[in-house]
Every structure is written in structure tokens, then in C-alpha cells.
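Let me begin by presenting the structure, written as C-alpha cells, before commenting on it.
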Amino acid sequence: MSDNAKDTSEARSAQKSPRGSGSSVQSVDRAVTVLEILARHGEAGVTEVADELDVHKSTAFRLLGVLENRGLVAQEQERGKYYLGAGVLRLAGAAAVRLDISQEGAPMCRLLADELGETANIAVLDNGAAVNIMQARGPASVTAQNWLGRRTPLHATSSGKALLAFQPGPVQDAALARKLPRLTDRTVTSVAELREQLAEVVRNGFAVAMEELELGLHAVAAPVRAHDGQVIGAISVSAPAYRLEPERIPEVAKRTVQAAQELSRRMGYGV
């Protein structure tokens with residue numbers, strides 16, 4: 001197809017597709033295809049990318065420019081070839097961390113659940129919430145509650161507090177700037193009080209939530225660290241309030257912290 005024909009074809013496509021609908025989807029599809037081309041070839045010039053996409057060079061250049069601005073591709077100074085940028089590694093690393101902690105944490109989660117007889121979960125921080133990516137139920141667990149894949153609020157859960165307490169100041173500030181909904185009469189909705197709790201989590205090495213998410217539910221969580229010391233997850237134990245009574249918290253917290261430390265070691269921390 002000639003460059004003029006490609007221009008005409010693209011113009012017609014733009015006229016047919018309303019702004020923000022088909023044309024946007026097509027642009028996203030082309031951008032993803034550009035990344036796949038670079039992954040396949042290692043590097044490619046504008047002309048090569050345009051030929052594989054079957055678009056005009058100006059379109060390929062615009063796509064590459066957008067991806068370069070976001071750090072997803074980079075350009076060699078001398079040859080002008082494009083290759084995958086560090087931004088792709090950042091995204092891949094985030095996905096790898098979630099996969100790794102889920103894979104490495106599965107046996108720890110099951111062991112903790114079996115030893116304590118309760119439900120154990122592993123959660124990660126995701127856009128202002130704690131998302132449970134692994135769950136194991138112990139023999140004493142009586143609840144059919146499935147937490148897997150569920151997003152839970154940071155301020156009302158032990159996992160959320162364990163995750164939030166060790167985040168950088170700006171991340172904490174952004175989370176605390178949001179509305180803190182009251183889920184039970186024991187939910188902490190005061191920013192000042194929550195900051196005190198987070199400081200206590202850092203001192204103690206674990207977090208607790210006593211009927212703050214649901215009435216009749218108690219939980220304990222401890223942070224999981226990556227090789228660089230960054231907190232990337234939390235492992236928790238939850239149980240009915242009548243079974244996880246205050247006097248049992250120290251015992252459960254100690255074992256949960258040990259499990260979190262072992263999982264952190266498996267993730268490369270302190271090795």
C-alpha cells in the first residue's frame with residue numbers, strides 16, 4: 001500500500017470511528033503491536049514499524065513518540081532505531097512481584113492456616129486497596145467467606161494497615177487523604193488515630209483489626225519484604241472474634257510475623 005493510500009485509509013477510519021471509541025481502541029491495539037514488534041526484533045526503525053503495522057510512517061512515528069514519552073520505548077542516538085525501554089521492565093517487574101509472592105507464599109499460607117487452624121491470606125497493595133491474592137483455610141475455620149481476589153480497605157483491615165504502615169510518606173498521605181468510610185462501629189475513621197496505629201505497626205512489626213471490617217471478625221497481619229527491603233505484601237490470619245480473642249493475639253501475631261519473615265527470605269530479603 002502506498003503512503004498516500006495509507007493516509008486516505010487512516011483518514012476514513014478516523015471519520016468512521018467517534019472520538020474515544022473505535023479510533024482509541026485501534027490506537028491502543030497499534031501501540032501494543034509496536035511493543036510486540038520491538039520485543040520480537042530487539043530493535044526497529046520507524047519504516048520497519050510502519051511496514052509491519054501497514055500504516056504511514058507519520059503514524060508509526062507518533063505511536064513511537066507516545067511510547068517513548070512514557071518510557072516504554074527508547075531510541076538509539078546514532079542509528080535512530082527504537083527498542084523496549086525501562087518502563088516495560090517496571091511494568092514487568094510489578095507483575096513478576098505479584099506472581100512471585102503468590103507462588104512463593106502458597107506453601108507458607110497453607111502451613112500457617114494448618115498450624116493455627118484459621119484462614120490465612122496474602123494481600124498486596126493495589127491502587128489504594130489491599131487485594132487478596134492467596135488464601136488457605138485451616139481445619140478450625142468455620143467461615144465460607146472467600147477473600148481471594150477481594151479488594152479490602154486499607155484503614156479497616158490488618159493487611160491494609162501492614163501494607164500502608166511501611167509505604168513512603170506520599171503514598172500514606174494519598175491513602176489517608178481519601179474518605180475513610182465507617183464499616184462498623186469499631187472502624188477507625190480519624191486520620192490522626194490511624195497514623196498512630198500505623199506508627200504502632202512499625203514498632204511492633206504486625207497489625208491488628210478487631211471487628212473493624214466486619215462485626216465478629218478479628219485479624220492479624222505482618223509485612224512481607226522484597227530483596228530490597230520494600231514491603232510488597234502482607235500475610236494475615238483471620239478468625240471469628242470468639243476464637244481469636246485478645247489474649248490469643250500475641251501467639252497468633254508471633255507466628256504470623258515468623259511466616260512473613262520466612263516468605264520475605266524466600267523473596268530474597270536478607271539473603
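If you're wondering about the labels, chains in the C-alpha cells are A, B, ... by order shown, residues count from 1 in each chain, ligands from 1 in order shown.
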
- Message: as a PyMOL selection string, please: the residues near A:Lys179 (cut-off 10 Å, only C-alpha atoms, same-chain neighbours under 5 positions excluded).
- Response: chain A and resi 189-191

- Task: Using DSSP on the backbone coordinates, identify all residues within stretch 1-243 of chain A classified as alpha helix (DSSP H); present the result as a PyMOL selection string.
- Result: chain A and resi 3-16+22-41+46-53+57-69+86-116+158-165+169-177+191-204

- Task: Rank nothing, just name the residue among A:Arg30, A:Ala260, A:Gln230, A:Gly117 nearest to A:Val49, using only C-alpha atoms.
- Result: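 Smallest separation from A:Val49 among the options: A:Arg30.
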
Listing only residues of stretch 95-159 of chain A within 12 Å of stretch 251-255 of chain A, what is the closest atom pair and its distance in Å (to one decimal) for each, using only C-alpha atoms, sorted by chain and residue number ascending, as JSON lines?
{"residue": "A:Met108", "atom": "CA", "partner": "A:Arg255", "partner_atom": "CA", "distance": 11.1}
{"residue": "A:Cys109", "atom": "CA", "partner": "A:Arg255", "partner_atom": "CA", "distance": 11.6}
{"residue": "A:Leu111", "atom": "CA", "partner": "A:Arg255", "partner_atom": "CA", "distance": 10.6}
{"residue": "A:Leu112", "atom": "CA", "partner": "A:Arg255", "partner_atom": "CA", "distance": 7.7}
{"residue": "A:Ala113", "atom": "CA", "partner": "A:Arg255", "partner_atom": "CA", "distance": 10.6}
{"residue": "A:Asp114", "atom": "CA", "partner": "A:Arg255", "partner_atom": "CA", "distance": 11.9}
{"residue": "A:Glu115", "atom": "CA", "partner": "A:Arg255", "partner_atom": "CA", "distance": 9.0}
{"residue": "A:Leu116", "atom": "CA", "partner": "A:Val252", "partner_atom": "CA", "distance": 7.4}
{"residue": "A:Gly117", "atom": "CA", "partner": "A:Val252", "partner_atom": "CA", "distance": 10.6}
{"residue": "A:Glu118", "atom": "CA", "partner": "A:Val252", "partner_atom": "CA", "distance": 10.0}
{"residue": "A:Thr119", "atom": "CA", "partner": "A:Val252", "partner_atom": "CA", "distance": 11.8}
{"residue": "A:Ala120", "atom": "CA", "partner": "A:Val252", "partner_atom": "CA", "distance": 11.1}
{"residue": "A:Ser158", "atom": "CA", "partner": "A:Ala253", "partner_atom": "CA", "distance": 11.0}

- Item | Residue contacts of stretch 183-188 of chain A (12 Å, only C-alpha atoms) excluding same-chain residues fewer than 2 positions away, as a ChimeraX atom specification | /A:152-158,161,176,179-181,190-198,208-218

With C-alpha atoms retained, write the just-selected residues as a PDB file, in the first residue's frame.
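Once everything was written out, this is result.pdb:
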ATOM      1  CA  THR A 152     -10.462  -4.528  51.038  1.00  0.00           C
ATOM      2  CA  PRO A 153      -9.932  -1.052  52.517  1.00  0.00           C
ATOM      3  CA  LEU A 154      -6.508  -0.259  53.923  1.00  0.00           C
ATOM      4  CA  HIS A 155      -7.753   1.526  57.038  1.00  0.00           C
ATOM      5  CA  ALA A 156     -10.075  -1.255  58.242  1.00  0.00           C
ATOM      6  CA  THR A 157      -8.026  -4.416  57.712  1.00  0.00           C
ATOM      7  CA  SER A 158      -4.901  -5.852  59.288  1.00  0.00           C
ATOM      8  CA  LYS A 161      -2.514  -1.451  57.827  1.00  0.00           C
ATOM      9  CA  LEU A 176      -5.228   8.996  54.168  1.00  0.00           C
ATOM     10  CA  LYS A 179     -12.522   9.315  52.725  1.00  0.00           C
ATOM     11  CA  LEU A 180     -12.233   6.620  55.407  1.00  0.00           C
ATOM     12  CA  PRO A 181     -15.680   5.003  55.475  1.00  0.00           C
ATOM     13  CA  SER A 190      -9.824   9.533  62.254  1.00  0.00           C
ATOM     14  CA  VAL A 191      -6.674  10.247  60.240  1.00  0.00           C
ATOM     15  CA  ALA A 192      -4.755  11.173  63.402  1.00  0.00           C
ATOM     16  CA  GLU A 193      -5.760   7.945  65.156  1.00  0.00           C
ATOM     17  CA  LEU A 194      -4.942   5.885  62.086  1.00  0.00           C
ATOM     18  CA  ARG A 195      -1.491   7.478  61.857  1.00  0.00           C
ATOM     19  CA  GLU A 196      -0.897   6.465  65.480  1.00  0.00           C
ATOM     20  CA  GLN A 197      -1.921   2.912  64.653  1.00  0.00           C
ATOM     21  CA  LEU A 198       0.416   2.820  61.640  1.00  0.00           C
ATOM     22  CA  VAL A 208      -4.414  -5.995  64.058  1.00  0.00           C
ATOM     23  CA  ALA A 209      -8.007  -5.303  63.094  1.00  0.00           C
ATOM     24  CA  MET A 210     -10.648  -6.080  65.688  1.00  0.00           C
ATOM     25  CA  GLU A 211     -14.119  -6.059  64.118  1.00  0.00           C
ATOM     26  CA  GLU A 212     -13.142  -3.049  62.000  1.00  0.00           C
ATOM     27  CA  LEU A 213     -14.096  -4.582  58.653  1.00  0.00           C
ATOM     28  CA  GLU A 214     -16.882  -6.866  59.798  1.00  0.00           C
ATOM     29  CA  LEU A 215     -18.506  -7.433  63.161  1.00  0.00           C
ATOM     30  CA  GLY A 216     -17.328 -10.690  64.685  1.00  0.00           C
ATOM     31  CA  LEU A 217     -14.096 -10.802  62.645  1.00  0.00           C
ATOM     32  CA  HIS A 218     -10.592 -10.345  64.069  1.00  0.00           C
TER      33      HIS A 218
END

- Message: When you look at A:Leu72 with a cut-off of 12 Å (counting only C-alpha atoms), what residues show up, excluding the ones that are within fewer than 6 positions of it in the same chain? I need them as JSON, numbers by chain.
- Response: {"A": [31, 32, 34, 35, 36, 38, 39, 63, 64, 65, 66, 82, 83, 84, 85, 86, 87, 88, 89, 90, 91, 92]}
